[in-house]
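> One structure follows; several queries about it will come next.
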Amino acid sequence: MAYSDKVVDHFNNPRNMGSFKKDEEGVGTGMVGAPECGDVMKLQIKVQNDTIVDAKFKTFGCGSAIASSSLATEWLKGKTIEEAQKIKNTDIVQELNLPPVKIHCSVLAEDAIKAALADYQKKSDTEPVDTK
Amino acid sequence: MKLPIFLDNHSTTPMDPRVLEAMLPYFVEKFGNAASRNHAFGWAAEEAVDQARKQIAKLIKADSKEIVFTSGATESDNLALKGVVEMYKEKGTHIITSSTEHRAVLDTAKSLEAKGLATVTYLPVDKDGMVNPQDVEKAITDKTILISVMLANNEIGTINPIAEIGKIAKAKGVLFHCDATQGVGKIPVDVQAMGIDLMSFSAHKIYGPKGVGALYVRKRNPRVRIVAQMDGGGHERGMRSGTLPVPLIVGFGKACELCAQEMTAETARLTKMRDRLQTDIMAALEESYLNGHPTNRLPGNLNISFAYVEGESLLMGMKDIALSSGSACTSATLEPSYVLRALGVGTELAHSSIRFGLGRFNTDEEIDYTIKKVIEIVTKLREMSPLYEMAKEGVDLKSVQWAAH
């Protein structure tokens with residue numbers, strides 16, 4: 001099985017790999033997957049004035065899972081919350097040229113985005129208004 | 001040093017140039033059919049086949065008349081199980097095998113079950129992957145006609161107590177088949193001392209050509225009979241019809257001869273390289289776990305799980321080293337190695353496993369390179385792993401409520 005050039009590039013040069021402090025202001029964290037399934041993704045966004053100003057990921061998984069989450073952080077940066085909601089797993093499949101057996105990696109990345117956004121919104125509902 | 005490095009010698013092996021040299025005359029010059037009894041072309045082919053049969057039999061301490069040529073170990077396994085079940089169906093229909101067998105045995109057993117031709121007991125293995133001979137003894141009933149246990153496992157290299165199982169089989173009057181594909185040519189095999197009645201093995205695992213294998217079928221004490229699964233000209237004493245692939249058989253014979261001559265030296269060399277690979281990697285990387293038996297394993301085998309990193313990504317990070325993983329990331333079922341699962345290795349560690357298979361043509365320089373690369377990539381991927389981060393923060397990963405998908 002050959003990997004697409006884009007998957008290889010993201011794997012060798014992961015974008016935005018790392019972590020924010022979970023309790024930092026404006027940070028939303030999404031963690032999806034399970035170790036026994038062979039992939040776990042942690043995706044974090046940092047939001048200011050409704051815009052995602054930074055994003056980070058850490059992934060346990062195959063090359064395609066790492067590439068999917070790396071690409072997701074790239075796409076998230078600069079998007080508003082509303083725009084970020086619209087990222088679909090099929091966009092990731094297309095961009096990375098994922099084979100059918102790796103589609104679940106893109107699904108996981110979409111789930112991670114949704115989870116991070118939901119976490120941010122949950123936090124911002126309870127946080128002081130001045131972060132908005 | 002040439003890249004990529006081949007460290008997947010359990011899957012197949014490169015052919016030894018000496019084997020190729022022995023085969024070459026039998027393609028164009030001596031092309032005869034070994035079954036042609038009436039002319040010199042046939043005689044030359046038959047002579048070559050006889051010679052190979054002797055070389056092969058000698059390696060496993062058998063008589064050359066007990067070697068039945070097949071297309072490979074998968075066919076041999078099929079012929080042994082199906083051939084015995086069909087031949088001895090009046091006597092019984094029960095088979096005993098183990099849960100870590102190669103799929104050529106497991107799927108054949110399952111197929112016999114599905115057709116209602118046999119009932120099968122799949123014995124568990126211990127944490128090192130070993131079958132307990134007492135379990136075999138306890139599983140035998142008056143309907144048991146066959147025990148099938150592998151000599152050495154293809155993933156973890158663990159060597160089973162074959163002689164003990166053979167003794168039990170003999171005492172109970174049950175036939176004993178051994179899938180010895182990974183063991184023949186690598187460790188001493190003696191079908192007499194081990195009490196083996198049928199044994200499968202192939203040429204391409206021992207630096208011979210692909211496409212040829214053998215089934216050893218005992219001729220006396222007891223005389224084993226099997227029903228042929230291929231009908232035709234009645235070759236191989238009626239057990240396997242089909243024109244013999246003379247060049248492949250000549251190569252198989254030569255490969256066995258070389259293994260017999262070089263086994264002691266090769267075992268010493270491979271064990272030394274393998275031990276160094278194991279020691280250096282495991283000393284540098286915390287939470288790396290050996291899979292399989294610590295000492296009782298094939299000289300060229302090493303199987304390690306690296307906690308918090310996934311196997312396929314490890315392979316991807318070492319593109320210039322050919323290795324294999326127990327990870328299931330490419331399989332549709334998402335089920336990792338059933339062999340590792342049978343040892344009680346957790347699913348997450350099974351996903352994190354790498355199999356190193358060292359062989360005749362690997363060098364110390366290649367091992368040095370591999371050690372360096374493995375340490376590099378595991379370290380890099382752990383930095384990328386949320387699980388490693390959590391473990392470092394003191395989170396017990398088992399206590400986390402994962403959203404399984």
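If you're wondering about the labels, chains in the structure tokens are A, B, ... by order shown, residues count from 1 in each chain, ligands from 1 in order shown.
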Identify, on the basis of only C-alpha atoms, every residue whose closest approach to B:Pro25 does not exceed 12 Å; exclude the query and any residue fewer than 5 positions from it along the same chain; express the result as number ranges by chain.
B: 19-20, 30-32, 44-45, 48, 246-248, 250-251
> Show me, as a PyMOL selection string, the residues of chain B whose atoms get within 6 Å of chain A, using only C-alpha atoms for the distance check.
chain B and resi 309-310+312-313+347-348+351+384-386+402-404
> From the options B:Met282, B:Ile56, B:Met1, B:Met199, which residue's atoms come nearest to B:Phe252, counting only C-alpha atoms?
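For B:Phe252, the nearest of the given residues is B:Ile56.
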> Stretch 77-82 of chain A: which residues within 9 Å, counting only C-alpha atoms, same-chain residues fewer than 6 positions away excluded, as a list in words?
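Residues meeting the cut-off are Ile45, Lys46, Val47, Asn49, Asp50, Thr51, Ile52, Val53, Asp54, Ala55 and Leu117 of chain A.
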> Could you pull the residues within 8 Å of A:Leu98, counting only C-alpha atoms, minus those fewer than 5 positions along the same chain, as a list of chain:residue names?
A:Ser4, A:Ser64, A:Val93, A:Ile103
> Could you please take those selected residues and save C-alpha atoms as a CSV table (one decimal), in the first residue's frame?

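Resulting contents of selection.csv:
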chain,number,residue,atom,x,y,z
A,4,SER,CA,-0.1,9.7,-1.0
A,64,SER,CA,-3.1,8.6,7.8
A,93,VAL,CA,-10.3,12.3,2.3
A,103,ILE,CA,-11.6,6.8,5.7
> Tell me, as a list in words, which residues lie within 9 Å of A:Ile113, counting only C-alpha atoms; anything in the same chain fewer than 2 positions away does not count.
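The residues that qualify are Thr29, Gly30, Leu43, Gln44, Ile45, Ser69, Ala72, Thr73, Leu76, Ala84, Gln85, Ile87, Leu108, Ala109, Glu110, Asp111, Ala115, Ala116, Leu117 and Ala118 of chain A.
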> Please list as a list in words every residue within 12 Å of B:Lys138, counting only C-alpha atoms and excluding residues in the same chain fewer than 3 positions away.
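Surrounding residues, per the criterion: Ile96, Thr121, Leu123, Asn132, Pro133, Gln134, Asp135, Thr141, Asp142, Thr144, Ile165, Ile168, Ala169 and Lys172 of chain B.
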> For N, CA and C atoms, I'd like the residues from the last selection saved as a PDB file, in the first residue's frame.

ATOM      1  N   ILE B  96      -7.250 -31.606  17.304  1.00  0.00           N
ATOM      2  CA  ILE B  96      -6.769 -30.671  18.331  1.00  0.00           C
ATOM      3  C   ILE B  96      -5.697 -29.786  17.693  1.00  0.00           C
ATOM      4  N   THR B 121     -10.740 -28.608  18.585  1.00  0.00           N
ATOM      5  CA  THR B 121     -10.395 -27.958  19.853  1.00  0.00           C
ATOM      6  C   THR B 121      -9.214 -27.030  19.592  1.00  0.00           C
ATOM      7  N   LEU B 123      -6.503 -25.037  21.365  1.00  0.00           N
ATOM      8  CA  LEU B 123      -5.889 -24.904  22.684  1.00  0.00           C
ATOM      9  C   LEU B 123      -5.337 -23.503  22.894  1.00  0.00           C
ATOM     10  N   ASN B 132       0.875 -25.972  26.084  1.00  0.00           N
ATOM     11  CA  ASN B 132       1.184 -26.864  27.192  1.00  0.00           C
ATOM     12  C   ASN B 132       0.832 -28.304  26.795  1.00  0.00           C
ATOM     13  N   PRO B 133       1.824 -29.230  26.787  1.00  0.00           N
ATOM     14  CA  PRO B 133       1.557 -30.609  26.379  1.00  0.00           C
ATOM     15  C   PRO B 133       0.464 -31.275  27.217  1.00  0.00           C
ATOM     16  N   GLN B 134       0.350 -30.864  28.477  1.00  0.00           N
ATOM     17  CA  GLN B 134      -0.716 -31.443  29.313  1.00  0.00           C
ATOM     18  C   GLN B 134      -2.097 -31.055  28.812  1.00  0.00           C
ATOM     19  N   ASP B 135      -2.207 -29.829  28.276  1.00  0.00           N
ATOM     20  CA  ASP B 135      -3.483 -29.411  27.680  1.00  0.00           C
ATOM     21  C   ASP B 135      -3.830 -30.297  26.486  1.00  0.00           C
ATOM     22  N   THR B 141      -9.771 -37.190  23.047  1.00  0.00           N
ATOM     23  CA  THR B 141     -10.923 -38.058  23.334  1.00  0.00           C
ATOM     24  C   THR B 141     -10.788 -39.312  22.463  1.00  0.00           C
ATOM     25  N   ASP B 142     -11.716 -40.261  22.602  1.00  0.00           N
ATOM     26  CA  ASP B 142     -11.626 -41.465  21.760  1.00  0.00           C
ATOM     27  C   ASP B 142     -11.982 -41.161  20.302  1.00  0.00           C
ATOM     28  N   THR B 144     -10.551 -38.458  18.790  1.00  0.00           N
ATOM     29  CA  THR B 144      -9.469 -37.623  18.252  1.00  0.00           C
ATOM     30  C   THR B 144      -8.626 -38.403  17.246  1.00  0.00           C
ATOM     31  N   ILE B 165       4.824 -33.289  22.881  1.00  0.00           N
ATOM     32  CA  ILE B 165       3.494 -33.476  22.283  1.00  0.00           C
ATOM     33  C   ILE B 165       3.502 -34.745  21.422  1.00  0.00           C
ATOM     34  N   ILE B 168       3.072 -37.820  23.549  1.00  0.00           N
ATOM     35  CA  ILE B 168       1.679 -37.988  23.986  1.00  0.00           C
ATOM     36  C   ILE B 168       0.828 -38.551  22.840  1.00  0.00           C
ATOM     37  N   ALA B 169       1.041 -37.977  21.651  1.00  0.00           N
ATOM     38  CA  ALA B 169       0.278 -38.427  20.481  1.00  0.00           C
ATOM     39  C   ALA B 169       0.507 -39.923  20.243  1.00  0.00           C
ATOM     40  N   LYS B 172      -1.158 -42.173  22.799  1.00  0.00           N
ATOM     41  CA  LYS B 172      -2.622 -42.222  22.665  1.00  0.00           C
ATOM     42  C   LYS B 172      -3.054 -42.735  21.288  1.00  0.00           C
TER      43      LYS B 172
END
> For the structure I just gave you, how does DSSP split stretch 14-114 of chain A - specifically, which residues are helix (DSSP H, G or I)? Reply as a short mmCIF file (atom, residue, chain, number, x, y, z; two decimals) with N, CA and C atoms, in the first residue's frame.

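Saved the output as states_6.cif:
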data_model
loop_
_atom_site.label_atom_id
_atom_site.label_comp_id
_atom_site.auth_asym_id
_atom_site.auth_seq_id
_atom_site.Cartn_x
_atom_site.Cartn_y
_atom_site.Cartn_z
N PRO A 35 -7.49 3.71 22.60
CA PRO A 35 -6.23 3.00 22.36
C PRO A 35 -6.43 1.60 21.78
N GLU A 36 -7.48 0.90 22.25
CA GLU A 36 -7.66 -0.48 21.75
C GLU A 36 -8.10 -0.53 20.29
N CYS A 37 -8.59 0.61 19.77
CA CYS A 37 -8.93 0.67 18.35
C CYS A 37 -7.73 1.07 17.51
N GLY A 63 -0.21 6.52 10.01
CA GLY A 63 0.22 7.70 9.28
C GLY A 63 -0.93 8.54 8.78
N SER A 64 -1.99 7.89 8.33
CA SER A 64 -3.14 8.62 7.80
C SER A 64 -3.88 9.36 8.90
N ALA A 65 -3.91 8.77 10.09
CA ALA A 65 -4.56 9.44 11.23
C ALA A 65 -3.76 10.67 11.63
N ILE A 66 -2.44 10.53 11.64
CA ILE A 66 -1.57 11.66 11.98
C ILE A 66 -1.73 12.77 10.93
N ALA A 67 -1.74 12.38 9.67
CA ALA A 67 -1.89 13.36 8.59
C ALA A 67 -3.24 14.05 8.66
N SER A 68 -4.31 13.30 8.94
CA SER A 68 -5.66 13.87 8.99
C SER A 68 -5.74 14.94 10.08
N SER A 69 -5.15 14.65 11.25
CA SER A 69 -5.25 15.63 12.33
C SER A 69 -4.33 16.82 12.09
N SER A 70 -3.17 16.57 11.49
CA SER A 70 -2.25 17.66 11.15
C SER A 70 -2.93 18.62 10.16
N LEU A 71 -3.56 18.04 9.15
CA LEU A 71 -4.28 18.86 8.16
C LEU A 71 -5.42 19.63 8.81
N ALA A 72 -6.13 18.98 9.73
CA ALA A 72 -7.26 19.63 10.40
C ALA A 72 -6.79 20.90 11.13
N THR A 73 -5.65 20.83 11.80
CA THR A 73 -5.17 22.04 12.52
C THR A 73 -4.85 23.15 11.54
N GLU A 74 -4.30 22.78 10.39
CA GLU A 74 -3.97 23.78 9.37
C GLU A 74 -5.23 24.49 8.89
N TRP A 75 -6.27 23.69 8.65
CA TRP A 75 -7.52 24.25 8.14
C TRP A 75 -8.26 25.07 9.19
N LEU A 76 -8.10 24.70 10.45
CA LEU A 76 -8.86 25.38 11.51
C LEU A 76 -8.36 26.81 11.75
N ILE A 81 -15.76 30.09 14.34
CA ILE A 81 -16.39 28.88 14.90
C ILE A 81 -17.39 28.30 13.89
N GLU A 82 -18.15 29.19 13.29
CA GLU A 82 -19.19 28.73 12.36
C GLU A 82 -18.56 28.04 11.14
N GLU A 83 -17.49 28.66 10.62
CA GLU A 83 -16.82 28.05 9.45
C GLU A 83 -16.21 26.70 9.80
N ALA A 84 -15.64 26.62 11.01
CA ALA A 84 -14.99 25.38 11.43
C ALA A 84 -15.98 24.23 11.51
N GLN A 85 -17.21 24.56 11.90
CA GLN A 85 -18.26 23.53 12.00
C GLN A 85 -18.50 22.84 10.66
N ASN A 89 -15.41 15.31 6.90
CA ASN A 89 -14.39 14.28 6.73
C ASN A 89 -14.09 14.03 5.25
N THR A 90 -15.12 14.20 4.42
CA THR A 90 -14.92 13.94 2.99
C THR A 90 -13.93 14.94 2.37
N ASP A 91 -13.88 16.17 2.95
CA ASP A 91 -12.90 17.15 2.48
C ASP A 91 -11.49 16.64 2.76
N ILE A 92 -11.32 16.05 3.94
CA ILE A 92 -10.01 15.52 4.33
C ILE A 92 -9.62 14.35 3.44
N VAL A 93 -10.59 13.47 3.19
CA VAL A 93 -10.34 12.31 2.31
C VAL A 93 -9.84 12.78 0.96
N GLN A 94 -10.52 13.79 0.44
CA GLN A 94 -10.17 14.30 -0.88
C GLN A 94 -8.78 14.95 -0.89
N GLU A 95 -8.53 15.80 0.09
CA GLU A 95 -7.26 16.52 0.15
C GLU A 95 -6.07 15.56 0.30
N LEU A 96 -6.25 14.53 1.13
CA LEU A 96 -5.13 13.62 1.41
C LEU A 96 -5.13 12.38 0.52
N PRO A 100 -10.08 3.80 0.79
CA PRO A 100 -11.28 3.44 1.57
C PRO A 100 -10.95 2.91 2.98
N VAL A 101 -9.87 2.13 3.11
CA VAL A 101 -9.55 1.52 4.39
C VAL A 101 -9.12 2.56 5.43
N LYS A 102 -8.80 3.79 4.95
CA LYS A 102 -8.35 4.84 5.87
C LYS A 102 -9.39 5.94 6.09
N ILE A 103 -10.59 5.74 5.57
CA ILE A 103 -11.61 6.78 5.71
C ILE A 103 -11.94 7.03 7.19
N HIS A 104 -11.85 5.97 8.01
CA HIS A 104 -12.16 6.16 9.43
C HIS A 104 -11.23 7.19 10.09
N CYS A 105 -10.01 7.35 9.54
CA CYS A 105 -9.08 8.36 10.08
C CYS A 105 -9.65 9.76 9.89
N SER A 106 -10.27 9.99 8.73
CA SER A 106 -10.84 11.31 8.46
C SER A 106 -12.09 11.54 9.30
N VAL A 107 -12.85 10.48 9.52
CA VAL A 107 -14.05 10.57 10.37
C VAL A 107 -13.64 10.97 11.78
N LEU A 108 -12.55 10.35 12.23
CA LEU A 108 -12.05 10.64 13.57
C LEU A 108 -11.61 12.11 13.67
N ALA A 109 -10.98 12.60 12.60
CA ALA A 109 -10.53 14.00 12.61
C ALA A 109 -11.73 14.95 12.67
N GLU A 110 -12.78 14.63 11.92
CA GLU A 110 -13.99 15.47 11.98
C GLU A 110 -14.59 15.43 13.39
N ASP A 111 -14.63 14.23 13.96
CA ASP A 111 -15.15 14.09 15.33
C ASP A 111 -14.32 14.93 16.31
N ALA A 112 -13.00 14.94 16.09
CA ALA A 112 -12.11 15.69 16.99
C ALA A 112 -12.37 17.18 16.88
N ILE A 113 -12.59 17.66 15.64
CA ILE A 113 -12.91 19.09 15.44
C ILE A 113 -14.19 19.43 16.19
N LYS A 114 -15.23 18.61 15.96
CA LYS A 114 -16.54 18.84 16.60
C LYS A 114 -16.40 18.84 18.13
#
> List every residue of stretch 77-250 of chain B that DSSP, applied to the backbone of this structure, places in strand (DSSP E or B), and write the result as a PyMOL selection string.
chain B and resi 94-98+119-123+144-148+152+158-159+175-179+184+187+198-202+213-217
> Mind checking which residues fall within 7 Å of stretch 79-89 of chain B, counting only C-alpha atoms, ignoring those fewer than 4 positions away in the same chain, and posting them as a list in words?
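After dropping sequence-adjacent residues, the list is Glu75, Thr93, Leu198, Arg225, Ile226, Val227, Ala228 and Gln229 of chain B.
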> Figure out the distance between atom CA of B:Leu323 and atom CA of B:Gly292, please, to one decimal in Å.
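Answer for the atom CA of B:Gly292 to atom CA of B:Leu323 separation: 17.1 Å.
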